[in-house]
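Data file: start.csv. Format and content: CSV, C-alpha atoms and all ligand atoms.
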chain,number,residue,atom,x,y,z
B,241,MET,CA,46.6,-5.2,-3.7
B,242,LYS,CA,48.8,-7.8,-2.2
B,243,ARG,CA,51.6,-8.9,-4.4
B,244,GLY,CA,54.7,-11.1,-4.2
B,245,CYS,CA,54.1,-14.4,-5.9
B,246,THR,CA,57.0,-16.8,-5.2
B,247,GLN,CA,56.1,-18.9,-8.2
B,248,CYS,CA,55.9,-21.9,-6.0
B,249,GLY,CA,53.2,-23.5,-8.2
B,250,GLU,CA,50.9,-24.6,-5.4
B,251,CYS,CA,48.0,-23.0,-7.2
B,252,LEU,CA,48.4,-25.0,-10.4
B,253,ASN,CA,46.7,-28.0,-9.0
B,254,VAL,CA,43.5,-26.2,-8.0
B,255,CYS,CA,42.8,-23.9,-10.9
B,256,PRO,CA,40.0,-25.1,-13.2
B,257,VAL,CA,41.2,-23.1,-16.1
B,258,PHE,CA,44.7,-24.7,-15.9
B,259,ALA,CA,43.0,-28.1,-15.6
B,260,LEU,CA,41.2,-27.3,-18.9
B,261,PHE,CA,44.2,-26.0,-20.9
B,262,LYS,CA,47.2,-27.5,-19.1
B,263,ARG,CA,49.1,-24.3,-20.0
B,264,GLU,CA,51.0,-22.5,-17.3
B,265,GLU,CA,50.2,-19.0,-18.6
B,266,TYR,CA,46.6,-19.8,-17.9
B,267,ALA,CA,47.2,-20.7,-14.3
B,268,PRO,CA,47.3,-18.2,-11.4
B,269,LYS,CA,51.0,-18.5,-11.3
B,270,GLY,CA,51.4,-17.6,-14.9
B,271,LYS,CA,48.9,-14.7,-14.7
B,272,ARG,CA,50.8,-13.3,-11.7
B,273,LEU,CA,54.1,-13.6,-13.5
B,274,LEU,CA,52.6,-11.6,-16.4
B,275,MET,CA,50.5,-9.1,-14.5
B,276,GLU,CA,52.1,-8.4,-11.1
B,277,PRO,CA,54.8,-6.2,-12.7
B,278,LEU,CA,52.1,-4.2,-14.5
B,279,ASP,CA,51.7,-1.7,-11.7
B,280,GLY,CA,51.6,1.7,-13.3
B,281,TRP,CA,50.8,0.4,-16.8
B,282,GLY,CA,48.2,2.8,-18.0
B,283,SER,CA,49.7,5.9,-16.4
B,284,GLU,CA,50.5,7.2,-19.9
B,285,GLU,CA,48.2,5.1,-22.1
B,286,PRO,CA,45.7,2.4,-21.2
B,287,MET,CA,46.6,-1.2,-21.5
B,288,PRO,CA,44.9,-2.5,-24.7
B,289,TRP,CA,41.6,-4.1,-24.0
B,290,LYS,CA,42.6,-7.2,-26.0
B,291,ILE,CA,45.4,-7.9,-23.6
B,292,ILE,CA,43.2,-7.3,-20.6
B,293,ARG,CA,40.5,-9.5,-22.1
B,294,ASP,CA,43.0,-12.3,-23.0
B,295,LEU,CA,44.5,-12.3,-19.5
B,296,SER,CA,41.4,-11.7,-17.4
B,297,ARG,CA,38.9,-13.9,-19.3
B,298,LEU,CA,40.8,-16.9,-18.1
B,299,CYS,CA,39.5,-16.9,-14.6
B,300,ALA,CA,36.3,-18.2,-13.1
B,301,GLY,CA,36.7,-16.3,-9.9
B,302,CYS,CA,36.6,-19.5,-7.8
B,303,GLU,CA,39.2,-18.3,-5.3
B,304,ARG,CA,40.7,-21.8,-5.1
B,305,CYS,CA,44.1,-20.3,-5.9
B,306,LYS,CA,43.9,-18.0,-2.8
B,307,LYS,CA,43.0,-20.9,-0.6
B,308,ALA,CA,46.0,-23.0,-1.9
B,309,CYS,CA,48.5,-20.1,-1.7
B,310,ALA,CA,50.7,-19.8,1.3
B,311,ARG,CA,50.7,-16.0,0.8
B,312,LYS,CA,46.9,-16.0,0.3
B,313,LEU,CA,47.2,-14.1,-3.0
B,314,SER,CA,43.9,-13.8,-4.8
B,315,THR,CA,44.5,-13.8,-8.5
B,316,SER,CA,40.8,-13.1,-9.2
B,317,ASP,CA,41.2,-9.9,-7.2
B,318,LEU,CA,44.3,-9.0,-9.2
B,319,LEU,CA,42.3,-9.4,-12.4
B,320,ALA,CA,39.5,-7.3,-11.0
B,321,GLU,CA,41.9,-4.6,-10.1
B,322,VAL,CA,43.3,-4.6,-13.7
B,323,ARG,CA,39.8,-4.4,-15.1
B,324,ALA,CA,39.0,-1.5,-12.8
B,325,SER,CA,42.0,0.5,-13.9
B,326,HIS,CA,41.4,-0.3,-17.6
B,327,PRO,CA,37.6,0.0,-18.1
B,328,HIS,CA,35.8,-1.2,-21.2
B,329,TRP,CA,32.2,-0.6,-22.4
B,330,SER,CA,31.3,-4.3,-21.7
B,331,GLN,CA,31.8,-3.7,-18.0
B,332,TYR,CA,29.1,-1.0,-18.1
B,333,VAL,CA,26.7,-3.3,-20.0
B,334,TRP,CA,27.4,-5.9,-17.3
B,335,ASP,CA,26.6,-3.4,-14.5
B,336,ILE,CA,23.3,-2.5,-16.3
B,337,TRP,CA,22.4,-6.2,-16.7
B,338,ILE,CA,23.0,-6.9,-13.1
B,339,ARG,CA,21.7,-3.8,-11.4
B,340,ARG,CA,19.0,-2.5,-13.7
B,341,ALA,CA,17.8,-5.2,-16.1
B,342,GLY,CA,16.7,-7.8,-13.6
B,343,PRO,CA,13.0,-7.5,-14.4
B,344,LEU,CA,13.9,-8.4,-18.0
B,345,TRP,CA,15.6,-11.7,-17.1
B,346,PRO,CA,12.5,-13.8,-17.2
B,347,THR,CA,11.6,-12.4,-20.7
B,348,ALA,CA,15.1,-13.1,-21.9
B,349,GLY,CA,14.8,-16.7,-20.7
B,350,ARG,CA,11.5,-17.2,-22.4
B,351,LEU,CA,12.6,-15.7,-25.7
B,352,ALA,CA,15.8,-17.8,-25.7
B,353,SER,CA,13.8,-20.9,-25.1
B,354,MET,CA,11.7,-20.2,-28.2
B,355,PHE,CA,14.7,-19.6,-30.4
B,356,PRO,CA,15.5,-22.7,-32.6
B,357,ASP,CA,19.0,-24.2,-32.2
B,358,ALA,CA,19.1,-24.6,-36.0
B,359,LEU,CA,19.2,-20.9,-36.5
B,360,THR,CA,21.7,-20.2,-33.7
B,361,PRO,CA,25.2,-19.2,-34.8
B,362,GLU,CA,27.7,-21.5,-33.1
B,363,ALA,CA,29.4,-18.6,-31.4
B,364,LEU,CA,26.2,-17.7,-29.6
B,365,GLN,CA,25.1,-21.2,-28.6
B,366,SER,CA,26.5,-21.2,-25.0
B,367,SER,CA,25.1,-17.7,-24.4
B,368,LEU,CA,21.7,-18.9,-25.6
B,369,ASP,CA,21.9,-22.0,-23.4
B,370,THR,CA,22.6,-19.7,-20.4
B,371,ALA,CA,19.6,-17.5,-21.2
B,372,ARG,CA,17.4,-20.6,-21.6
B,373,ALA,CA,18.3,-21.8,-18.1
B,374,MET,CA,16.8,-18.6,-16.8
B,375,ALA,CA,13.4,-19.7,-17.9
B,376,ASP,CA,11.6,-21.3,-15.1
B,377,SER,CA,10.2,-24.4,-16.8
B,378,ALA,CA,11.6,-27.2,-14.8
B,379,GLU,CA,9.2,-29.5,-13.0
B,380,THR,CA,10.4,-30.0,-9.5
B,381,GLN,CA,10.0,-33.1,-7.4
B,382,THR,CA,10.1,-33.3,-3.6
B,383,TRP,CA,12.9,-35.6,-2.4
B,384,PHE,CA,12.5,-35.1,1.3
B,385,THR,CA,10.4,-33.2,3.8
B,386,LEU,CA,11.5,-31.3,6.9
B,387,ARG,CA,10.2,-30.2,10.2
B,388,PRO,CA,11.8,-28.8,13.3
B,389,SER,CA,12.5,-31.3,16.1
B,390,PRO,CA,10.1,-31.3,19.1
B,391,GLY,CA,11.4,-28.9,21.7
B,392,TRP,CA,13.3,-26.8,19.3
B,393,ALA,CA,13.2,-23.1,20.3
B,394,ALA,CA,14.4,-20.6,17.8
B,395,PRO,CA,16.7,-17.7,19.0
B,396,SER,CA,14.8,-14.5,19.4
B,397,ARG,CA,16.9,-12.5,17.0
B,398,PRO,CA,14.9,-11.7,13.8
B,399,VAL,CA,16.0,-13.2,10.4
B,400,ALA,CA,15.9,-11.7,7.0
B,401,VAL,CA,16.5,-13.8,3.8
B,402,PHE,CA,19.1,-12.4,1.5
B,403,SER,CA,17.8,-13.7,-1.9
B,404,GLY,CA,20.5,-12.5,-4.3
B,405,CYS,CA,19.8,-11.5,-7.9
B,406,THR,CA,19.0,-14.9,-9.4
B,407,ALA,CA,16.2,-15.7,-6.9
B,408,ARG,CA,14.9,-12.1,-6.8
B,409,ASN,CA,14.6,-12.0,-10.6
B,410,ILE,CA,13.9,-15.5,-11.9
B,411,ARG,CA,13.4,-17.9,-8.9
B,412,PRO,CA,11.3,-16.0,-6.4
B,413,ARG,CA,10.0,-19.4,-5.2
B,414,TRP,CA,13.4,-20.0,-3.5
B,415,THR,CA,12.9,-17.0,-1.4
B,416,GLU,CA,9.3,-18.0,-0.5
B,417,LYS,CA,10.5,-21.5,0.4
B,418,ALA,CA,13.3,-20.1,2.6
B,419,ASN,CA,10.8,-17.8,4.4
B,420,GLN,CA,8.4,-20.7,4.9
B,421,LEU,CA,11.0,-22.9,6.4
B,422,LEU,CA,12.3,-20.3,8.7
B,423,ARG,CA,8.8,-19.4,9.9
B,424,ALA,CA,8.2,-23.1,10.6
B,425,TRP,CA,11.4,-23.1,12.7
B,426,GLY,CA,9.9,-20.3,14.8
B,427,TYR,CA,12.2,-17.5,13.6
B,428,GLU,CA,10.8,-14.0,13.4
B,429,VAL,CA,11.1,-13.5,9.7
B,430,ILE,CA,11.4,-10.0,8.2
B,431,GLU,CA,9.3,-10.0,5.0
B,432,ARG,CA,10.6,-8.2,1.9
B,433,PRO,CA,13.9,-6.9,3.4
B,434,ASP,CA,14.6,-5.2,0.0
B,435,PHE,CA,18.3,-6.0,-0.3
B,436,THR,CA,20.0,-5.6,-3.6
B,437,CYS,CA,22.9,-7.4,-5.4
B,438,CYS,CA,25.6,-8.6,-3.0
B,439,GLY,CA,28.2,-7.0,-5.3
B,440,GLY,CA,30.3,-10.0,-5.9
B,441,THR,CA,30.0,-10.1,-9.7
B,442,LEU,CA,30.5,-6.3,-9.9
B,443,HIS,CA,33.8,-6.7,-8.0
B,444,HIS,CA,35.0,-9.3,-10.5
B,445,ALA,CA,34.0,-7.0,-13.3
B,446,GLY,CA,36.2,-4.3,-11.8
B,447,MET,CA,33.2,-2.1,-11.2
B,448,PHE,CA,34.3,-1.1,-7.8
B,449,LYS,CA,32.1,2.1,-7.5
B,450,ALA,CA,29.0,0.0,-8.4
B,451,GLN,CA,30.1,-2.6,-5.9
B,452,ALA,CA,30.5,0.0,-3.2
B,453,GLU,CA,27.1,1.4,-3.9
B,454,VAL,CA,25.3,-2.0,-3.5
B,455,GLN,CA,27.3,-2.8,-0.4
B,456,GLN,CA,26.4,0.5,1.2
B,457,ARG,CA,22.7,0.0,0.3
B,458,ASN,CA,22.7,-3.5,1.8
B,459,VAL,CA,24.4,-2.4,5.0
B,460,GLU,CA,21.9,0.5,5.4
B,461,ARG,CA,19.0,-1.9,4.9
B,462,TRP,CA,20.5,-4.2,7.5
B,463,LYS,CA,20.8,-1.4,10.0
B,464,ALA,CA,17.3,-0.1,9.2
B,465,LEU,CA,15.9,-3.5,9.9
B,466,GLY,CA,17.5,-3.7,13.3
B,467,LYS,CA,20.6,-5.7,12.3
B,468,PRO,CA,19.0,-9.1,11.8
B,469,VAL,CA,20.6,-12.5,11.0
B,470,LEU,CA,20.9,-12.8,7.2
B,471,ALA,CA,19.9,-16.2,5.9
B,472,VAL,CA,21.7,-16.9,2.6
B,473,PHE,CA,21.0,-19.8,0.3
B,474,CYS,CA,23.6,-18.9,-2.4
B,475,ALA,CA,27.2,-19.8,-1.6
B,476,SER,CA,28.5,-17.0,-3.9
B,477,CYS,CA,26.3,-14.4,-2.2
B,478,LYS,CA,27.4,-15.7,1.2
B,479,HIS,CA,31.1,-15.4,0.2
B,480,SER,CA,30.6,-11.9,-1.1
B,481,LEU,CA,28.6,-10.8,2.0
B,482,ASP,CA,31.2,-12.3,4.3
B,483,GLY,CA,33.7,-9.9,2.7
B,484,TYR,CA,31.8,-6.9,3.9
B,485,ALA,CA,33.2,-7.2,7.4
B,486,ASP,CA,36.7,-6.7,6.0
B,487,GLN,CA,35.8,-3.9,3.6
B,488,GLU,CA,37.5,-0.7,4.7
B,489,GLY,CA,35.0,2.0,5.8
B,490,LEU,CA,31.9,0.0,5.3
B,491,LEU,CA,31.2,-1.1,8.9
B,492,ASP,CA,32.6,0.1,12.1
B,493,GLU,CA,34.4,-2.3,14.4
B,494,ASN,CA,31.4,-3.4,16.4
B,495,ASP,CA,29.1,-3.7,13.4
B,496,ALA,CA,31.8,-5.7,11.5
B,497,ALA,CA,32.0,-8.1,14.4
B,498,LEU,CA,28.2,-8.5,14.5
B,499,TRP,CA,28.1,-8.8,10.7
B,500,ARG,CA,30.5,-11.7,10.8
B,501,THR,CA,28.1,-13.7,13.0
B,502,SER,CA,25.0,-12.5,11.2
B,503,VAL,CA,25.6,-13.9,7.7
B,504,ARG,CA,24.5,-17.5,7.9
B,505,GLY,CA,23.9,-20.3,5.4
B,506,LEU,CA,20.1,-21.0,5.4
B,507,SER,CA,20.6,-24.8,6.0
B,508,ALA,CA,22.7,-24.0,9.1
B,509,LEU,CA,19.7,-22.2,10.6
B,510,LEU,CA,17.5,-25.2,10.2
B,511,GLU,CA,19.1,-26.9,13.2
B,512,GLY,CA,17.9,-30.3,14.3
B,513,ALA,CA,15.7,-30.9,11.3
B,514,VAL,CA,13.6,-34.0,11.3
B,515,ILE,CA,14.0,-35.3,7.8
B,516,ARG,CA,11.7,-37.8,5.9
B,517,THR,CA,13.1,-39.0,2.6
B,518,LEU,CA,10.5,-39.7,0.0
B,519,PRO,CA,10.4,-42.4,-2.7
B,520,ALA,CA,11.0,-39.8,-5.4
B,521,ALA,CA,14.5,-39.2,-4.1
B,522,PRO,CA,17.1,-40.7,-6.4
B,523,ALA,CA,19.4,-43.4,-5.0
B,524,THR,CA,22.6,-41.6,-6.1
B,525,PRO,CA,22.0,-37.9,-6.4
B,526,GLY,CA,25.1,-35.9,-7.3
B,527,TYR,CA,26.3,-33.0,-5.1
B,528,HIS,CA,28.1,-30.1,-6.7
B,529,GLN,CA,30.0,-28.3,-4.0
B,530,PRO,CA,30.2,-24.6,-4.8
B,531,CYS,CA,33.7,-23.3,-4.7
B,532,HIS,CA,32.6,-20.4,-2.5
B,533,TRP,CA,31.5,-22.6,0.4
B,534,GLY,CA,35.2,-23.5,0.8
B,535,ASP,CA,35.7,-25.7,3.9
B,536,ASN,CA,32.6,-24.3,5.6
B,537,ASP,CA,29.8,-25.9,3.6
B,538,PRO,CA,26.6,-26.2,5.7
B,539,ASP,CA,24.6,-27.7,2.8
B,540,ARG,CA,26.5,-31.0,2.2
B,541,PRO,CA,26.0,-32.5,5.7
B,542,PHE,CA,22.4,-31.3,5.8
B,543,LEU,CA,21.7,-33.0,2.4
B,544,GLN,CA,23.7,-36.1,3.3
B,545,ARG,CA,21.3,-36.7,6.2
B,546,ALA,CA,18.4,-36.8,3.8
B,547,LEU,CA,20.1,-38.4,0.8
B,548,PRO,CA,22.6,-41.1,2.0
B,549,GLY,CA,23.7,-41.8,-1.6
B,550,LEU,CA,24.7,-38.2,-2.2
B,551,THR,CA,27.9,-38.3,-4.3
B,552,ARG,CA,30.2,-35.3,-4.6
B,553,GLY,CA,31.5,-34.5,-8.1
B,554,THR,CA,35.2,-34.6,-8.7
B,555,ALA,CA,35.5,-31.6,-10.9
B,556,LEU,CA,36.9,-28.3,-9.6
B,557,CYS,CA,34.5,-25.5,-10.6
B,558,CYS,CA,31.3,-25.1,-12.7
B,559,GLY,CA,32.7,-22.1,-14.5
B,560,MET,CA,30.0,-19.7,-13.4
B,561,GLY,CA,32.0,-17.4,-11.2
B,562,GLY,CA,33.6,-14.1,-11.8
B,563,ILE,CA,32.6,-12.7,-15.1
B,564,LEU,CA,33.6,-15.6,-17.2
B,565,LYS,CA,30.0,-15.8,-18.5
B,566,MET,CA,30.5,-12.4,-20.0
B,567,SER,CA,34.1,-12.5,-21.0
B,568,ASP,CA,34.2,-16.0,-22.5
B,569,PRO,CA,30.9,-17.9,-22.4
B,570,ASP,CA,32.5,-20.8,-24.3
B,571,ILE,CA,35.2,-21.4,-21.7
B,572,SER,CA,32.6,-21.0,-19.0
B,573,ALA,CA,30.4,-23.7,-20.7
B,574,ARG,CA,33.4,-26.0,-21.1
B,575,LEU,CA,34.1,-25.8,-17.4
B,576,GLY,CA,30.4,-26.5,-16.7
B,577,LYS,CA,30.5,-29.6,-18.9
B,578,ASN,CA,33.7,-30.8,-17.3
B,579,CYS,CA,32.0,-30.3,-13.9
B,580,LEU,CA,29.1,-32.6,-14.9
B,581,ALA,CA,31.6,-35.1,-16.4
B,582,GLY,CA,33.1,-35.4,-12.9
B,583,PHE,CA,30.0,-37.3,-11.6
B,584,PRO,CA,29.5,-41.1,-12.0
B,585,GLU,CA,27.1,-42.1,-14.7
B,586,ALA,CA,24.5,-43.1,-12.1
B,587,CYS,CA,24.2,-39.5,-10.9
B,588,ARG,CA,21.4,-38.2,-13.2
B,589,SER,CA,20.1,-35.6,-10.8
B,590,ILE,CA,22.5,-33.0,-9.4
B,591,VAL,CA,21.8,-30.8,-6.4
B,592,THR,CA,23.7,-27.7,-5.2
B,593,GLY,CA,23.5,-24.7,-2.9
B,594,CYS,CA,24.5,-21.8,-5.1
B,595,SER,CA,22.1,-19.9,-7.4
B,596,GLY,CA,24.8,-19.3,-10.0
B,597,CYS,CA,26.1,-22.9,-10.0
B,598,THR,CA,22.5,-24.1,-10.4
B,599,MET,CA,21.9,-21.9,-13.5
B,600,GLN,CA,25.3,-22.7,-15.0
B,601,LEU,CA,25.0,-26.5,-14.6
B,602,ALA,CA,21.4,-26.4,-15.8
B,603,SER,CA,22.5,-24.6,-18.9
B,604,VAL,CA,25.0,-27.3,-19.9
B,605,ALA,CA,23.3,-30.4,-18.6
B,606,PRO,CA,22.8,-33.1,-21.3
B,607,GLU,CA,19.5,-34.7,-22.0
B,608,GLY,CA,18.4,-36.8,-19.0
B,609,VAL,CA,20.4,-34.9,-16.4
B,610,SER,CA,18.6,-32.5,-14.2
B,611,VAL,CA,20.1,-29.8,-11.9
B,612,HIS,CA,18.4,-28.4,-8.8
B,613,HIS,CA,19.0,-25.9,-6.1
B,614,TRP,CA,18.2,-27.8,-2.9
B,615,LEU,CA,15.3,-25.5,-2.1
B,616,ASP,CA,13.6,-27.1,-5.1
B,617,ILE,CA,13.7,-30.6,-3.8
B,618,VAL,CA,12.6,-30.0,-0.2
B,619,GLU,CA,9.2,-29.3,1.3
B,620,LEU,CA,8.0,-28.5,4.7
B,621,GLU,CA,6.3,-31.6,6.3
B,622,PRO,CA,2.6,-31.3,5.4
B,623,GLY,CA,0.4,-30.0,8.2
B,624,LEU,CA,3.0,-27.6,9.6
V,1,LIG,S1,50.5,-20.5,-4.8
V,1,LIG,FE1,50.6,-18.2,-4.5
V,1,LIG,S2,52.8,-17.8,-4.4
V,1,LIG,FE2,52.6,-19.9,-5.2
V,1,LIG,S3,52.6,-19.6,-7.5
V,1,LIG,FE3,50.5,-19.6,-6.8
V,1,LIG,S4,50.0,-17.4,-6.5
V,1,LIG,FE4,52.3,-17.6,-6.5
V,2,LIG,S1,40.2,-17.7,-9.1
V,2,LIG,FE1,40.0,-19.9,-9.8
V,2,LIG,S2,39.9,-19.7,-12.0
V,2,LIG,FE2,40.7,-17.8,-11.3
V,2,LIG,S3,43.0,-18.0,-11.3
V,2,LIG,FE3,42.3,-18.6,-9.2
V,2,LIG,S4,42.0,-20.8,-9.3
V,2,LIG,FE4,42.1,-20.1,-11.4

Kindly return the structure encoded in the file as structure tokens.
Ligand code: SF4
Ligand code: SF4
Amino acid sequence: MKRGCTQCGECLNVCPVFALFKREEYAPKGKRLLMEPLDGWGSEEPMPWKIIRDLSRLCAGCERCKKACARKLSTSDLLAEVRASHPHWSQYVWDIWIRRAGPLWPTAGRLASMFPDALTPEALQSSLDTARAMADSAETQTWFTLRPSPGWAAPSRPVAVFSGCTARNIRPRWTEKANQLLRAWGYEVIERPDFTCCGGTLHHAGMFKAQAEVQQRNVERWKALGKPVLAVFCASCKHSLDGYADQEGLLDENDAALWRTSVRGLSALLEGAVIRTLPAAPATPGYHQPCHWGDNDPDRPFLQRALPGLTRGTALCCGMGGILKMSDPDISARLGKNCLAGFPEACRSIVTGCSGCTMQLASVAPEGVSVHHWLDIVELEPGL
């Protein structure tokens, strides 16, 4: 792991946790001051979990600090490394929840939706709200329709949709919509490619072995399918998949180069879309830009064409990333609420392009504010 923080403080301005607490020890700079010298801690006795938890819970895994840092130091990676070397039972529960319990997610969402607020202990409220957001009860409205432009010819290379855990387990309609759009664009779409978790959240949890297993499985599927283009509609999955090319021993040099050009945002594949905005579209929808799109966000320009009043929120991060949901659901919820507070009052409908951001913001949205993945507000032009 790269070290060598110069304590320049550039990362202070971009860290959502520092913005929340305004305390330097909660910023990447402070965490590095405390944790970089910890090489070797644990060689005789493990670092107490309480210290690990107190240090590592204060990170949303947004990677904004890495982008701001001249040395490109990733504090979320440093925290993952510390978690990996100091395991705790909760990490194994997280691994089971992500890799094995997916079929139970819809039931968990339905049960949470039935549970009365009046009987919910305050300490569990944000966890319950998160579980409720998993229930698929929201009525969706079409804001705009799409069709390919006349004369558009899709490249001949096949495309497989990488759904990610959220869509696979609780929003299968996002995958169906993605497949439908790609087919209408003339792509040869590989049905049911059978990928698994991208591994991003397992990395943040410090479950490096589990992460390596899912990465290996996804790469094997990609090769077995003939190395197709991967269409991704979740910014966090895309960020994690992008990292495969730099993962030592996962892909050989040629495959790594091909992988880099294969992982694409879904909206970037819908080139030359002819868009028809419908009356149901709000005049000033909000756009939450997922941290993991970074400077390479294909969704925002795509949505702006359909929704001229699209207004980007000013907050830094929704608080969903990393394992903050597990390690400190209340801080995660506070970041989510701050995120929604960063939109003008007129933005009552928020759209985004990350499965995790969608679920997080939906779980903290006040009455009258709705949150959508963009796949929920778009339809193929009727007749296509
Ligand atoms: S920007 Fe990088 S070098 Fe500067 S304080 Fe933050 S982590 Fe350290
Ligand atoms: S990854 Fe995000 S939340 Fe974590 S330390 Fe860096 S800027 Fe802060």

Neighbours of ligand LIG 2 (chain V) at 7 Å or closer, counting all atoms listed in the file: which residues, as a short mmCIF file (atom, residue, chain, number, x, y, z; two decimals) with C-alpha atoms, in the frame of the given file?
data_model
loop_
_atom_site.label_atom_id
_atom_site.label_comp_id
_atom_site.auth_asym_id
_atom_site.auth_seq_id
_atom_site.Cartn_x
_atom_site.Cartn_y
_atom_site.Cartn_z
CA CYS B 251 48.00 -23.00 -7.20
CA VAL B 254 43.50 -26.20 -8.00
CA CYS B 255 42.80 -23.90 -10.90
CA PRO B 256 40.00 -25.10 -13.20
CA VAL B 257 41.20 -23.10 -16.10
CA PHE B 258 44.70 -24.70 -15.90
CA ALA B 267 47.20 -20.70 -14.30
CA PRO B 268 47.30 -18.20 -11.40
CA LEU B 298 40.80 -16.90 -18.10
CA CYS B 299 39.50 -16.90 -14.60
CA ALA B 300 36.30 -18.20 -13.10
CA GLY B 301 36.70 -16.30 -9.90
CA CYS B 302 36.60 -19.50 -7.80
CA GLU B 303 39.20 -18.30 -5.30
CA ARG B 304 40.70 -21.80 -5.10
CA CYS B 305 44.10 -20.30 -5.90
CA LYS B 306 43.90 -18.00 -2.80
CA SER B 314 43.90 -13.80 -4.80
CA THR B 315 44.50 -13.80 -8.50
CA SER B 316 40.80 -13.10 -9.20
#

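When all atoms listed in the file are used to measure the gap to Pro606 (chain B), the shortest distance among B:Arg423, B:His443, B:Lys577, B:Arg372 belongs to B:Lys577.
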
Do you have, as JSON lines, the list of residues of chain B lying at most 12 Å from ligand LIG 1 (chain V), each with its nearest atom pair and that distance in Å to one decimal, counting only C-alpha atoms and all ligand atoms and ordered by chain then number?
{"residue": "B:Lys242", "atom": "CA", "partner": "V:LIG1", "partner_atom": "S4", "distance": 10.6}
{"residue": "B:Arg243", "atom": "CA", "partner": "V:LIG1", "partner_atom": "S4", "distance": 8.9}
{"residue": "B:Gly244", "atom": "CA", "partner": "V:LIG1", "partner_atom": "S2", "distance": 7.0}
{"residue": "B:Cys245", "atom": "CA", "partner": "V:LIG1", "partner_atom": "FE4", "distance": 3.7}
{"residue": "B:Thr246", "atom": "CA", "partner": "V:LIG1", "partner_atom": "S2", "distance": 4.4}
{"residue": "B:Gln247", "atom": "CA", "partner": "V:LIG1", "partner_atom": "S3", "distance": 3.6}
{"residue": "B:Cys248", "atom": "CA", "partner": "V:LIG1", "partner_atom": "FE2", "distance": 3.9}
{"residue": "B:Gly249", "atom": "CA", "partner": "V:LIG1", "partner_atom": "S3", "distance": 4.0}
{"residue": "B:Glu250", "atom": "CA", "partner": "V:LIG1", "partner_atom": "S1", "distance": 4.2}
{"residue": "B:Cys251", "atom": "CA", "partner": "V:LIG1", "partner_atom": "FE3", "distance": 4.2}
{"residue": "B:Leu252", "atom": "CA", "partner": "V:LIG1", "partner_atom": "FE3", "distance": 6.8}
{"residue": "B:Asn253", "atom": "CA", "partner": "V:LIG1", "partner_atom": "S1", "distance": 9.4}
{"residue": "B:Val254", "atom": "CA", "partner": "V:LIG1", "partner_atom": "S1", "distance": 9.6}
{"residue": "B:Cys255", "atom": "CA", "partner": "V:LIG1", "partner_atom": "FE3", "distance": 9.7}
{"residue": "B:Phe258", "atom": "CA", "partner": "V:LIG1", "partner_atom": "FE3", "distance": 11.9}
{"residue": "B:Glu264", "atom": "CA", "partner": "V:LIG1", "partner_atom": "S3", "distance": 10.3}
{"residue": "B:Glu265", "atom": "CA", "partner": "V:LIG1", "partner_atom": "S3", "distance": 11.4}
{"residue": "B:Tyr266", "atom": "CA", "partner": "V:LIG1", "partner_atom": "FE3", "distance": 11.8}
{"residue": "B:Ala267", "atom": "CA", "partner": "V:LIG1", "partner_atom": "FE3", "distance": 8.3}
{"residue": "B:Pro268", "atom": "CA", "partner": "V:LIG1", "partner_atom": "S4", "distance": 5.7}
{"residue": "B:Lys269", "atom": "CA", "partner": "V:LIG1", "partner_atom": "S3", "distance": 4.3}
{"residue": "B:Gly270", "atom": "CA", "partner": "V:LIG1", "partner_atom": "S3", "distance": 7.8}
{"residue": "B:Lys271", "atom": "CA", "partner": "V:LIG1", "partner_atom": "S4", "distance": 8.7}
{"residue": "B:Arg272", "atom": "CA", "partner": "V:LIG1", "partner_atom": "S4", "distance": 6.7}
{"residue": "B:Leu273", "atom": "CA", "partner": "V:LIG1", "partner_atom": "FE4", "distance": 8.3}
{"residue": "B:Leu274", "atom": "CA", "partner": "V:LIG1", "partner_atom": "FE4", "distance": 11.6}
{"residue": "B:Met275", "atom": "CA", "partner": "V:LIG1", "partner_atom": "S4", "distance": 11.5}
{"residue": "B:Glu276", "atom": "CA", "partner": "V:LIG1", "partner_atom": "FE4", "distance": 10.3}
{"residue": "B:Glu303", "atom": "CA", "partner": "V:LIG1", "partner_atom": "S4", "distance": 10.9}
{"residue": "B:Arg304", "atom": "CA", "partner": "V:LIG1", "partner_atom": "S1", "distance": 9.9}
{"residue": "B:Cys305", "atom": "CA", "partner": "V:LIG1", "partner_atom": "S1", "distance": 6.5}
{"residue": "B:Lys306", "atom": "CA", "partner": "V:LIG1", "partner_atom": "FE1", "distance": 6.9}
{"residue": "B:Lys307", "atom": "CA", "partner": "V:LIG1", "partner_atom": "S1", "distance": 8.6}
{"residue": "B:Ala308", "atom": "CA", "partner": "V:LIG1", "partner_atom": "S1", "distance": 5.9}
{"residue": "B:Cys309", "atom": "CA", "partner": "V:LIG1", "partner_atom": "S1", "distance": 3.7}
{"residue": "B:Ala310", "atom": "CA", "partner": "V:LIG1", "partner_atom": "FE1", "distance": 6.0}
{"residue": "B:Arg311", "atom": "CA", "partner": "V:LIG1", "partner_atom": "FE1", "distance": 5.7}
{"residue": "B:Lys312", "atom": "CA", "partner": "V:LIG1", "partner_atom": "FE1", "distance": 6.4}
{"residue": "B:Leu313", "atom": "CA", "partner": "V:LIG1", "partner_atom": "FE1", "distance": 5.5}
{"residue": "B:Ser314", "atom": "CA", "partner": "V:LIG1", "partner_atom": "S4", "distance": 7.3}
{"residue": "B:Thr315", "atom": "CA", "partner": "V:LIG1", "partner_atom": "S4", "distance": 6.9}
{"residue": "B:Ser316", "atom": "CA", "partner": "V:LIG1", "partner_atom": "S4", "distance": 10.5}
{"residue": "B:Asp317", "atom": "CA", "partner": "V:LIG1", "partner_atom": "S4", "distance": 11.6}
{"residue": "B:Leu318", "atom": "CA", "partner": "V:LIG1", "partner_atom": "S4", "distance": 10.5}
